Structures are given as C-alpha cells and as structure tokens.
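Engineer: Sending over a structure as structure tokens; questions will come in a sec.
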Amino acid sequence: MAGLVSGKSWQDRWNGSGVAEHGLGWVSIPETWLDEQGVRSVRSTVLTHALIGLFVADLIRPHLRFVVQLYRSHYWRDWAAISRDPKGLERLEAAAGAETAQAMQGRTARWQISMLILSKGGGLFDITVGDCVELRQAELAVCSRGKTRYLLCKLLHDIGIFLVGPQLVSQSLSENQCV
C-alpha cells in the first residue's frame, strides 16, 4: 500500500494514506488491499504488530488522537522502553518501585509515556506538561475517558521532569470531561 501513496518518507506516506482517520478500523484498509492482491494469509494481529514496529523504529510518528484509540498492548510499553529511552524508563521504574511499576496504575503510566514518546519522538526527558495536555485533548476528542494521570504526573515530577507538583498538573488535566 505504501507504494500507492506518494511521499518521500514513511511518515509522508502514512499521512497521505488516510489510514489514521479510521481509528480502530484502520486495519481494514490494508486488509482490503492485501485481499485485492491475493494475499489472504495476513491476520490483523500481524498488521498491528508491524505497525507497532514502524512506530518504535521512529519511521512513523502517529498522532495521539490515533494512538489513544488503539488496543493497549504491553508490546508498546516494552518496545518503546527498549528502543527509545531504556535508561530513562529504568530511572522511572526505579522511582516508582517494583510493586507500583507492575500495578495497573504503573502500567497505565508507562503506556501513557510510551504513547507520548512514540507520537512526539525523543525520550522521557523530552516530555512536557503541554504533551500531557495534548494527550488529554486527544482522549477527549475520541470521547475516551482516559485513565488516571496522577501517577504519570507524580513519576515525571519525582525524576525531575515536572517541576510543579503532580497534584496541580493532574488536576488541570482532569478538569475537562467528555460529554
């Protein structure tokens, strides 16, 4: 399909394909194209994992609005940590402690961080409060109620990324509600 959409880079072709506008239904577009080519052995899970690989390799930076609609997988967290900023995420997990890092809120915070890193590029220490606001706006745009952000903000504060208190940042991110 990439050969059918013009562009100099993977990002240009991704943007030109319009696939991201379909949220969870994105996979039907390449599946239809593959069917038309006579390739019927590719399952949607294979396409999803391939897409994750393109994100992790920084060939494509998905918009947050697209990525918040996708099914959450530990692969996103693990692969982003390994390839993008292993030392930063080790520091984050050390600050959280093993028990918190493995708890649901800890996994959610790592997922949120992975979404930001994969969408924005860079590493953990490149995340800004504005990025977290944009993440919340993306959740609201697709009427996702989102998950708690307090631990995300606390961890980013604890390792010196956010200089203001986590309660203040988290509260400002939670003021908007999806109607």
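Order determines the names: the first chain of the structure tokens is A, the second B, and so forth; residues in each chain are numbered 1 upward, and ligands are numbered 1 upward as they are shown.
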Hey, could you make a per-residue contact list for range 13-77 of chain A against range 98-111 of chain A with 12 Å as the cut-off, showing the nearest pair of atoms and its distance in Å to one decimal, counting only C-alpha atoms, sorted by chain and number, as CSV?
Structural biologist:
residue,atom,partner,partner_atom,distance
A:Val67,CA,A:Trp111,CA,10.7
A:Val68,CA,A:Trp111,CA,10.1
A:Leu70,CA,A:Trp111,CA,11.6
A:Tyr71,CA,A:Trp111,CA,11.1
A:Arg72,CA,A:Trp111,CA,7.7
A:Ser73,CA,A:Trp111,CA,8.4
A:His74,CA,A:Trp111,CA,7.9
A:Tyr75,CA,A:Trp111,CA,9.7
A:Trp76,CA,A:Trp111,CA,7.1
A:Arg77,CA,A:Trp111,CA,5.5
Engineer: Could you please take those selected residues and save all heavy atoms as a compact mmCIF listing (two decimals), in the first residue's frame?
Structural biologist:
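And here's again24.txt as it stands now:
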# COMPACT_ATOMS: atom_id res chain seq x y z
N VAL A 67 -3.50 7.04 18.30
CA VAL A 67 -2.93 6.03 19.18
C VAL A 67 -3.79 5.79 20.43
O VAL A 67 -3.84 4.68 20.94
CB VAL A 67 -1.46 6.37 19.51
CG1 VAL A 67 -1.32 7.34 20.63
CG2 VAL A 67 -0.66 5.12 19.76
N VAL A 68 -4.53 6.81 20.90
CA VAL A 68 -5.36 6.58 22.08
C VAL A 68 -6.55 5.67 21.78
O VAL A 68 -7.17 5.14 22.69
CB VAL A 68 -5.87 7.90 22.73
CG1 VAL A 68 -4.73 8.74 23.24
CG2 VAL A 68 -6.78 8.69 21.81
N LEU A 70 -6.25 2.88 19.91
CA LEU A 70 -5.78 1.52 19.67
C LEU A 70 -5.85 0.67 20.93
O LEU A 70 -5.83 1.19 22.05
CB LEU A 70 -4.34 1.55 19.16
CG LEU A 70 -4.12 2.26 17.83
CD1 LEU A 70 -2.65 2.26 17.47
CD2 LEU A 70 -4.96 1.65 16.73
N TYR A 71 -5.89 -0.63 20.72
CA TYR A 71 -5.84 -1.55 21.85
C TYR A 71 -4.48 -1.42 22.52
O TYR A 71 -3.46 -1.38 21.85
CB TYR A 71 -6.08 -2.99 21.41
CG TYR A 71 -7.47 -3.22 20.88
CD1 TYR A 71 -7.68 -3.52 19.54
CD2 TYR A 71 -8.58 -3.10 21.72
CE1 TYR A 71 -8.96 -3.72 19.05
CE2 TYR A 71 -9.86 -3.29 21.23
CZ TYR A 71 -10.04 -3.60 19.90
OH TYR A 71 -11.31 -3.79 19.42
N ARG A 72 -4.49 -1.38 23.80
CA ARG A 72 -3.23 -1.25 24.54
C ARG A 72 -2.58 -2.62 24.68
O ARG A 72 -3.21 -3.58 25.06
CB ARG A 72 -3.49 -0.65 25.91
CG ARG A 72 -4.00 0.76 25.78
CD ARG A 72 -4.30 1.38 27.10
NE ARG A 72 -4.81 2.72 26.84
CZ ARG A 72 -4.94 3.62 27.76
NH1 ARG A 72 -4.63 3.36 28.99
NH2 ARG A 72 -5.40 4.82 27.45
N SER A 73 -1.32 -2.63 24.39
CA SER A 73 -0.56 -3.87 24.45
C SER A 73 0.72 -3.61 25.22
O SER A 73 1.30 -2.53 25.13
CB SER A 73 -0.22 -4.32 23.02
OG SER A 73 0.79 -5.27 23.03
N HIS A 74 1.16 -4.62 25.95
CA HIS A 74 2.43 -4.47 26.67
C HIS A 74 3.58 -4.30 25.69
O HIS A 74 4.63 -3.77 26.04
CB HIS A 74 2.67 -5.64 27.63
CG HIS A 74 2.92 -6.93 26.94
ND1 HIS A 74 4.19 -7.33 26.59
CD2 HIS A 74 2.08 -7.90 26.52
CE1 HIS A 74 4.12 -8.51 25.98
NE2 HIS A 74 2.84 -8.87 25.93
N TYR A 75 3.39 -4.72 24.44
CA TYR A 75 4.44 -4.55 23.45
C TYR A 75 4.78 -3.08 23.24
O TYR A 75 5.94 -2.72 23.06
CB TYR A 75 4.05 -5.17 22.10
CG TYR A 75 3.92 -6.66 22.15
CD1 TYR A 75 2.71 -7.28 21.95
CD2 TYR A 75 5.03 -7.46 22.41
CE1 TYR A 75 2.59 -8.66 21.99
CE2 TYR A 75 4.92 -8.84 22.47
CZ TYR A 75 3.69 -9.43 22.25
OH TYR A 75 3.58 -10.78 22.31
N TRP A 76 3.76 -2.22 23.24
CA TRP A 76 4.01 -0.79 23.08
C TRP A 76 4.95 -0.30 24.17
O TRP A 76 5.93 0.38 23.90
CB TRP A 76 2.71 0.00 23.18
CG TRP A 76 1.74 -0.24 22.09
CD1 TRP A 76 0.89 -1.31 21.96
CD2 TRP A 76 1.51 0.57 20.96
NE1 TRP A 76 0.14 -1.17 20.82
CE2 TRP A 76 0.49 -0.03 20.20
CE3 TRP A 76 2.04 1.79 20.53
CZ2 TRP A 76 0.01 0.53 19.03
CZ3 TRP A 76 1.55 2.35 19.36
CH2 TRP A 76 0.56 1.72 18.63
N ARG A 77 4.60 -0.63 25.40
CA ARG A 77 5.42 -0.19 26.54
C ARG A 77 6.82 -0.77 26.46
O ARG A 77 7.80 -0.06 26.59
CB ARG A 77 4.79 -0.65 27.86
CG ARG A 77 3.56 0.07 28.28
CD ARG A 77 3.17 -0.33 29.70
NE ARG A 77 3.35 -1.73 30.00
CZ ARG A 77 2.38 -2.62 30.04
NH1 ARG A 77 1.14 -2.25 29.77
NH2 ARG A 77 2.62 -3.87 30.35
Engineer: For Ala81 in chain A, list every protein, DNA or RNA residue within 12 Å, evaluated using only C-alpha atoms, and leave out those in the same chain fewer than 4 positions away; present the list as a PyMOL selection string.
Structural biologist: chain A and resi 56-57+74-77+85-93+110-118+122-124
Engineer: Out of range 12-101 of chain A, which residues get alpha helix (DSSP H) from DSSP, as an NGL selection string?
Structural biologist: :A and (12-17 or 28-36 or 44-56 or 64-67 or 74-83 or 86-96 or 98-101)
Engineer: When distances are computed from only C-alpha atoms, which of A:Val27, A:Leu4, A:Ile82, A:Val133 shows the smallest separation from Ala50 in chain A?
Structural biologist: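 Among the listed residues, the smallest separation from Ala50 in chain A belongs to A:Val27.
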Engineer: CA of Val46 in chain A to CA of His22 in chain A: how many Å, to one decimal?
Structural biologist: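 These atoms are spaced 18.0 Å apart.
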Engineer: Using only C-alpha atoms, find the one residue out of A:Leu51, A:Val39, A:Leu34, A:Leu64 that sits nearest to Gln137 in chain A.
Structural biologist: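 With only C-alpha atoms as the atom set, the closest residue is A:Leu64.
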Engineer: Can you work out the spacing between CA of Thr45 in chain A and CA of Leu152 in chain A in Å, to one decimal?
Structural biologist: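 Here the two named atoms are 28.4 Å from each other.
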Engineer: Using only C-alpha atoms, which residues sit within 10 Å of Trp26 in chain A once same-chain residues fewer than 5 positions away are excluded, as a VMD selection string?
Structural biologist: chain A and resid 18 to 21 31 44 48 66 70
Engineer: Which is closer to Lys154 in chain A than all the others in A:Asp12, A:Ala96, A:Lys120, A:Gly130, using only C-alpha atoms?
Structural biologist: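 Of A:Asp12, A:Ala96, A:Lys120, A:Gly130, the one nearest Lys154 in chain A, counting only C-alpha atoms, is A:Ala96.
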Engineer: Just want the 7 Å neighbourhood of range 5-11 of chain A, counted on only C-alpha atoms, with same-chain residues fewer than 6 positions away dropped. Output as a ChimeraX atom specification.
Structural biologist: /A:17,59-61
